Amino acid sequence: MPVLAAFFDFSTVSIAIENKDGDIEFFLFPYAYSKELFAGQCTEDEFYSQILASYLASKKLKLADFDVAVSGYLQPPFLPFKTALSVSFLELINSFSGSYPVFVNTFSVSTKDVLVCNTDIKSNEEGDFYSNLSIYPQLSHRDISFQNDIDCGLVSQFIDSGGIVASEAPIIFTGSRFAHLGTNKDLNYILSFDMLRIPGFYKLYLDNGNKALLVQLIKLLKKDFAQDLDSYLEPVGTYISTDGGMECLLNTDIGTGQFFDLQKNTLFILPQDIDTKVKLSVKNTHLGLVEGFVGGGTLGLIFDTRETKKSIFDDVKLLNLCLKQLKEILVEE
Amino acid sequence: MFAPVLRKIAENKNAYIERTLPVLGKTFIHSGDDVKPFDRIGECVYSQNVLNFSESFRPYKFTLPSKFYYLNSQLGTLEGKKILAPFNGTLLKDEIGHYIFQEAESRFILLSGVWGKVDKVIEGRSVLIKSQTTDVVLVASTPSSFSGELVVFPNPTEILERYYLESFSKGTDGKIIYVGHFADIALMQRARELGVGAVLAGSATKETFAYAKSNNVGLGIIVGFGHYETPDYIFKTLSLVSYRQVFFVGEKNLLKIPMPPQNEPVPASDASLNTQAKKPRRRVLATKYVKEVKKGLDIYSVQDPYFGKTGTVDSVLENSIFVRFDKDKEPVSINYPNFFILE
């Protein structure tokens with residue numbers, strides 16, 4: 001039977017269904033059950049059951065036609081129908097192999113190694129915002145500087161708890177934080193950059209709908225599911241991080257080369273198409289000489305030469321530089 | 001585009017209200033009896049007020065183990081200030097040497113407070129009544145329960161909120177007061193001093209809420225944390241039932257307003273409830289919790305600066321809707337998912 005996978009995050013419900021051709025269709029419902037708002041009219045399971053039923057009805061499908069796999073943050077809700085698979089969030093995130101998911105929602109960051117919640121409330125306004133979040137989980141703040149403060153607090157505690165362990169596997173930034181329709185998209189990229197503090201080369205993906213988690217759920221239920229996860233995610237590019245300045249040499253397939261020298265404490269984005277693979281040589285005082293083939297993406301190649309790896313959010317000049325470059329690259333597209 | 005349905009005001013035809021005597025007494029009714037709000041259903045005798053004095057209190061002509069004082073007679077001094085007895089009562093000294101002044105026991109009459117049918121009676125203790133209520137959903141409330149007369153202020157500005165509270169101070173003891181769009185800490189402090197049972201407001205800060213919770217003062221917030229206005233239709237609903245006995249059920253985030261059964265004539269003071277023009281938004285409970293967003297539907301916005309406001313969908317785009325909050329003004333863009341469908 002085809003699979004229906006559902007992930008119940010803090011502020012969203014993500015659904016994936018296998019269609020007749022074996023492809024996956026995704027659906028994001030950007031709301032979650034709020035006891036404060038809905039307890040008088042329905043229970044959590046009634047609410048979520050109706051979301052699933054409404055979505056399937058819009059596709060002229062029935063729940064009985066699927067094997068259902070569910071998970072949620074931190075546990076899936078109790079649902080009043082039989083599920084073929086029900087796993088906790090930690091079980092799900094630990095089941096990934098071949099990629100390294102970094103799950104971010106409005107108030108927490110989780111990886112296979114770390115799970116932290118933001119307890120750093122800087123102002124009364126922030127306190128009121130988090131209090132409103134418990135009532136209206138889908139809330140986002142339209143003010144960029146306010147969102148920056150929240151992201152900064154979140155990343156700071158994540159880094160203090162160990163952060164992203166150096167990984168050769170592609171890093172997937174997922175979670176309702178990146179699915180949020182109201183948040184400025186440039187801040188999504190900056191948030192992901194800020195979490196990478198250990199020098200190295202990283203292949204980055206951005207997931208705007210918890211698709212990685214849904215596909216993983218399908219894989220857990222259907223061992224022979226062969227679809228590549230990459231095809232559902234946004235390939236951001238390759239992130240090259242060094243302690244201090246670096247010299248770079250890019251050689252393309254057609255034999256052209258480009259040499260450039262990056263000063264310390266900067267962040268430079270070089271647009272590079274996803275289909276183009278280049279040979280990159282990087283020379284840095286600490287890393288020495290490192291060479292390898294790297295791919296592009298929505299942004300391309302992102303070079304980070306921050307020496308002490310302080311937060312981008314704390315460096316106004318660097319933050320503005322990032323925003324400016326992102327605006328130029330993303331507008332071009 | 002789908003959105004959840006929000007019902008801030010809901011009719012509840014199967015509400016169970018417990019009316020309890022504070023101490024063991026007598027109950028006059030039986031299971032199956034029909035009751036109306038002013039029916040006497042029980043009574044008891046007990047001391048209804050207690051004052052606890054601090055260490056610095058010095059009693060006047062006190063004799064152990066206790067002494068009776070008449071209303072307005074000198075009770076003692078507190079930090080040099082003369083204290084008069086606020087009621088007839090007995091002054092006692094507890095085990096740790098602090099003074100307690102207990103009001104003379106008096107008769108307490110338990111009224112039904114609601115229209116309904118008695119479901120169960122625990123003799124001398126409490127009565128469970130099956131009734132029908134209009135429930136106002138509060139987004140946050142301190143975990144206390146209180147029943148009392150509802151007093152509705154006319155949405156004054158913040159500057160005037162305390163003025164209104166002071167003006168009503170003689171009659172606020174034991175009441176539930178809607179103070180306006182915003183309740184601050186100073187207002188909550190004064191409400192506590194005046195013996196207000198619970199305060200309702202459109203909004204309050206997290207700090208104010210924490211104060212109310214730690215000082216055991218009932219606080220119910222209608223819209224959210226911060227500075228937001230109470231939606232008009234909720235204010236109108238509260239205004240229409242001003243001076244009625246209502247129930248603040250903090251643990252369930254509800255203000256329960258007892259309603260007469262359908263064929264029961266409404267008392268003259270509530271006659272306006274029957275007037276179509278003034279009828280507040282009331283919807284029958286439906287089973288749809290999620291609906292497709294369409295033109296013409298009413299929505300409840302959670303996007304600044306329209307947070308807590310209600311309007312009508314003018315058009316639906318891919319990731320936003322245009323909403324008409326004021327029929328005389330242009331529609332405004334509200335991003336998805338910063339709204340709920342309102343019923």
# chains A, B, ... in the order shown; residues from 1 in each chain; ligands from 1
>>> residues_around(residues="segment 76-87 of chain B", least_positions_apart="6", cutoff="6 Å", atoms="only C-alpha atoms", output="list in words")
Ser56, Phe57, Arg58, Pro59 and Tyr60 of chain B
>>> residues_around(residues="Lys279 of chain A", least_positions_apart="6", cutoff="8 Å", atoms="only C-alpha atoms", output="MDAnalysis selection string")
chainID A and resid 250:252 291:294
>>> interface_residues(of="chain A", to="chain B", cutoff="9 Å", atoms="only C-alpha atoms", output="VMD selection string")
chain A and resid 29 to 32 36 to 42 46 to 47 50 to 51 54 to 55 124 to 125 127 to 129 131 to 132 135 to 136 138 to 142 180 to 182
>>> select_by_dssp(residues="segment 172-269 of chain B", states="strand (DSSP E or B)", output="ChimeraX atom specification")
/B:176-183,198-204,218-225,245-249,254-258
>>> closest_residue(among="B:Val199, B:Met188, B:Val118, B:Val45", to="Ile222 of chain B", atoms="only C-alpha atoms")
B:Val199
>>> closest_residue(among="A:Glu307, A:Glu328, A:Asp224, A:Asp230", to="Gln263 of chain A", atoms="only C-alpha atoms")
A:Glu307
>>> select_by_dssp(residues="segment 35-197 of chain A", states="helix (DSSP H, G or I)", output="JSON, numbers by chain")
{"A": [35, 36, 37, 38, 44, 45, 46, 47, 48, 49, 50, 51, 52, 53, 54, 55, 56, 57, 58, 63, 64, 65, 89, 90, 91, 92, 93, 94, 124, 125, 126, 127, 128, 129, 130, 131, 132, 133, 134, 135, 144, 145, 146, 147, 148, 149, 150, 151, 152, 153, 154, 155, 156, 157, 158, 159, 160, 176, 177, 178, 179, 185, 186, 187, 188, 189, 190, 191, 192, 193, 194]}
>>> residues_around(residues="Asp149 of chain A", least_positions_apart="6", cutoff="10 Å", atoms="only C-alpha atoms", output="number ranges by chain")
A: 120-123, 126, 155, 313-314
>>> write_last_selection(atoms="C-alpha atoms", output="CSV table (one decimal), in the first residue's frame")
chain,number,residue,atom,x,y,z
A,120,ASP,CA,17.6,33.3,27.0
A,121,ILE,CA,14.7,35.9,27.1
A,122,LYS,CA,16.3,39.3,26.6
A,123,SER,CA,13.4,41.7,27.0
A,126,GLU,CA,10.5,38.8,23.9
A,155,VAL,CA,22.2,29.6,18.3
A,313,PHE,CA,24.0,38.3,14.6
A,314,ASP,CA,26.3,40.1,17.0
>>> residues_around(residues="Lys309 of chain B", least_positions_apart="4", cutoff="12 Å", atoms="only C-alpha atoms", output="JSON, numbers by chain")
{"B": [202, 222, 223, 224, 228, 229, 230, 231, 232, 233, 234, 298, 299, 300, 301, 302, 303, 304, 305, 323, 324, 325, 326, 332, 334, 338, 339, 340, 341, 342]}
>>> residues_around(residues="segment 47-53 of chain B", least_positions_apart="4", cutoff="9 Å", atoms="only C-alpha atoms", output="list of chain:residue names")
B:Phe57, B:Leu78, B:Phe87, B:Gly89, B:His98, B:Tyr99, B:Ile100, B:Phe101, B:Gln102, B:Glu103, B:Ala104, B:Glu105, B:Ser106, B:Arg107, B:Phe108
>>> atom_distance(atom1="atom CA of Lys295 of chain B", atom2="atom CA of Val316 of chain B")
6.7 Å
